[in-house]
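Structure first, then comments.
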Amino acid sequence: MTSSSALSPALLLPRSCRHGASSMKELQTLAPISPARLPSLLQTMKRPRRTPPSTPPTPQTIHRLHHHRRRRGEKAVSVGQSLAAETPEWVPLDLAESELSLPLTFPTGQTFRWKRTGPLRFTGAVGPHLVSLKHLEDGDVAYCVHGDRPDGAGARSALLDFLNADIRLGEIWEAFSASDPRFAELARLLRGARVLRQDPLECLVQFLCSSNNNIARITKMVDFISSLGRHLGTVEGLEFYEFPSLDRLLAVSEKDFREAGFGYRAKYIVGTVKALQSKPGGGVEWLTSLRGLDLQDAIAALCTLPGVGSKVAACVALFSLDQHHAIPVDTHVWQIATRYLLPELAGARLTPKLSGQVAEAFVSKYGKYAGWAQTMLFIAELPSQKAIIPSHCLTIQNIKRSKDR
């Protein structure tokens with residue numbers, strides 16, 4: 001199918017944030033489907049299709065987790081005690097699909113803690129709140145808060161902050177489109193791709209897991225770390241937890257992480273947690289304070305932590321520290337840049353110096369929201385998306401450069 005109105009199921013799957021060819025290959029085999037089928041699917045299905053949970057921790061790990069919970073006085077929760085049986089109260093979020101597309105936001109490698117729990121429905125934890133989001137038949141977004149005594153007002157406020165809802169996509173896309181004909185067409189086809197504003201600690205730990213890794217393994221590691229936090233409930237067979245505190249993470253040894261399959265990343269996670277704990281005022285406060293720094297100062301500060309390089313630092317800056325012009329650069333982003341922004345560097349080997357040039361090129365083109373523009377351009381470059389995006393969208397930039405010469 002080559003119609004521009006088709007959507008790819010690849011957009012319903014997670015990808016790592018610029019983490020290597022293996023993640024790209026996981027998306028290449030998916031064939032596009034028409035969005036015309038989605039409304040009828042929502043009407044005819046009796047209930048959402050269950051998504052199988054990721055690989056659970058080892059029995060030894062489960063035993064240790066239950067032991068820790070008993071020591072803290074927590075009750076073990078059976079997988080059978082699912083919140084899926086409840087009747088959720090869906091509340092409009094006052095965000096149209098053009099301002100928030102769930103499939104273009106959550107499975108794009110920004111976070112690995114949100115799960116697909118139904119057609120056009122995703123569930124995750126925002127602080128202590130367990131929340132589901134879904135698209136209504138008219139495309140608008142609604143949410144529900146799970147639990148026996150949900151804090152509706154608190155959850156809504158936290159959710160809007162998490163979604164960067166005070167930033168209006170329409171205004172940003174209009175400015176980009178005025179200066180870039182290719183972006184204008186892509187914005188129409190891939191509208192609603194939003195950059196999240198995550199908790200900095202949660203974001204940092206996730207991207208420490210992502211280094212030189214693939215989607216399946218990243219998700220398994222993040223699920224393990226999440227399970228160290230307070231259990232919030234089970235939705236459609238998937239368990240959800242509040243992200244563990246810094247003190248809770250400090251109680252996990254490098255050996256524990258290695259036994260859970262973290263490999264060399266275990267050392268970096270433990271080292272970073274200890275480094276954060278030693279910060280004046282506490283690590284959480286220190287991370288949050290980076291939101292007030294210039295981008296380069298924030299990245300430099302993050303790079304003092306064990307295992308944090310420039311790419312991981314840029315991801316954390318973009319997805320949690322309000323650094324909207326941060327550009328995480330890897331080989332895929334490098335290919336985008338040399339094709340559309342820096343053609344004179346095509347064929348060169350990516351180096352730290354050239355990574356800086358790539359970031360500068362994006363900022364020069366798109367300004368203070370360059371990281372948001374890069375997110376959409378990356379999605380458009382996925383092989384599954386190239387099959388459904390009109391060919392002139394992929395060539396208009398090359399034509400424009402030829403005329404400029």
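Ordering of the structure tokens sets the chain letters (A, B, ...); residue numbers start at 1 within each chain; ligands are numbered from 1 in the order shown.
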
**OP:** Could you find all residues in segment 75-237 of chain A that DSSP calls strand (DSSP E) from the backbone, and write them as a VMD selection string?
**Re:** chain A and resid 91 to 95 115 to 118 121 to 126 129 to 135 141 to 145 231 to 235

Subject >> Spatial neighbours of Cys315 of chain A, max dist 12 Å, only C-alpha atoms, sep filter under 4 positions, as JSON, numbers by chain >> reply: {"A": [16, 17, 18, 19, 109, 110, 111, 195, 196, 197, 198, 200, 203, 204, 205, 206, 207, 208, 210, 211, 295, 298, 299, 302, 303, 308, 309, 310, 311, 319, 320, 321, 322, 323, 324, 325, 326, 327, 328, 329, 330, 371, 372, 374, 375]}

**OP:** Have a look at atom CA of Val145 of chain A and atom CA of Phe240 of chain A and let me know their distance in Å, one decimal.
**Re:**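 A separation of 12.7 Å between them.
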
**OP:** Give me the residues within 8 Å of Gly139 of chain A as a list in words, counting only C-alpha atoms and dropping any in the same chain fewer than 3 places off.
**Re:**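 Residues meeting the cut-off are Ala96, Glu97, His135 and Leu136 of chain A.
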
Original post:
Looking only at the backbone, which of the residues in segment 126-345 of chain A does DSSP tag as helix (DSSP H, G or I), as a count of residues only?
Top reply: 120

Subject >> Selected residue, from A:Leu163, A:Ile336, A:Val312, A:Leu130, that lies nearest to Arg149 of chain A when counting only C-alpha atoms >> reply: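 Ranked by minimum distance to Arg149 of chain A, first place goes to A:Leu130.
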
Original post:
Which of these, A:Ala142, A:Val252, A:Leu100, A:Ala361, has the shortest distance to Pro88 of chain A once you count only C-alpha atoms?
Top reply: A:Ala142

Subject >> Near-Tyr366 of chain A list (12 Å; only C-alpha atoms; drop same-chain fewer than 2 positions) as number ranges by chain >> reply: A: 172-180, 183, 324-327, 341, 359-364, 368-375, 377

Store the residues of this selection in a file with C-alpha atoms, as a JSON list (two decimals), in the first residue's frame.
[["chain", "number", "residue", "atom", "x", "y", "z"],
["A", 172, "ILE", "CA", 5.93, 24.98, 16.17],
["A", 173, "TRP", "CA", 5.06, 22.98, 13.07],
["A", 174, "GLU", "CA", 3.79, 26.13, 11.34],
["A", 175, "ALA", "CA", 7.11, 27.89, 11.93],
["A", 176, "PHE", "CA", 9.10, 24.86, 10.72],
["A", 177, "SER", "CA", 6.92, 24.43, 7.65],
["A", 178, "ALA", "CA", 7.41, 28.04, 6.59],
["A", 179, "SER", "CA", 11.16, 27.49, 6.29],
["A", 180, "ASP", "CA", 11.22, 23.87, 5.08],
["A", 183, "PHE", "CA", 8.79, 19.46, 6.77],
["A", 324, "HIS", "CA", 14.26, 21.35, 23.42],
["A", 325, "HIS", "CA", 17.13, 21.99, 21.03],
["A", 326, "ALA", "CA", 19.22, 19.05, 22.23],
["A", 327, "ILE", "CA", 20.15, 16.71, 19.34],
["A", 341, "LEU", "CA", 21.46, 19.40, 6.01],
["A", 359, "ALA", "CA", 23.63, 19.42, 16.24],
["A", 360, "GLU", "CA", 24.54, 22.94, 15.12],
["A", 361, "ALA", "CA", 23.02, 22.31, 11.68],
["A", 362, "PHE", "CA", 19.71, 21.20, 13.19],
["A", 363, "VAL", "CA", 19.59, 24.18, 15.53],
["A", 364, "SER", "CA", 20.49, 26.57, 12.71],
["A", 368, "LYS", "CA", 15.03, 26.37, 19.85],
["A", 369, "TYR", "CA", 12.77, 23.36, 19.13],
["A", 370, "ALA", "CA", 15.26, 21.60, 16.89],
["A", 371, "GLY", "CA", 15.02, 18.41, 18.97],
["A", 372, "TRP", "CA", 11.30, 18.19, 18.25],
["A", 373, "ALA", "CA", 11.91, 18.61, 14.53],
["A", 374, "GLN", "CA", 14.57, 15.91, 14.58],
["A", 375, "THR", "CA", 12.15, 13.51, 16.26],
["A", 377, "LEU", "CA", 12.39, 13.64, 10.71]]
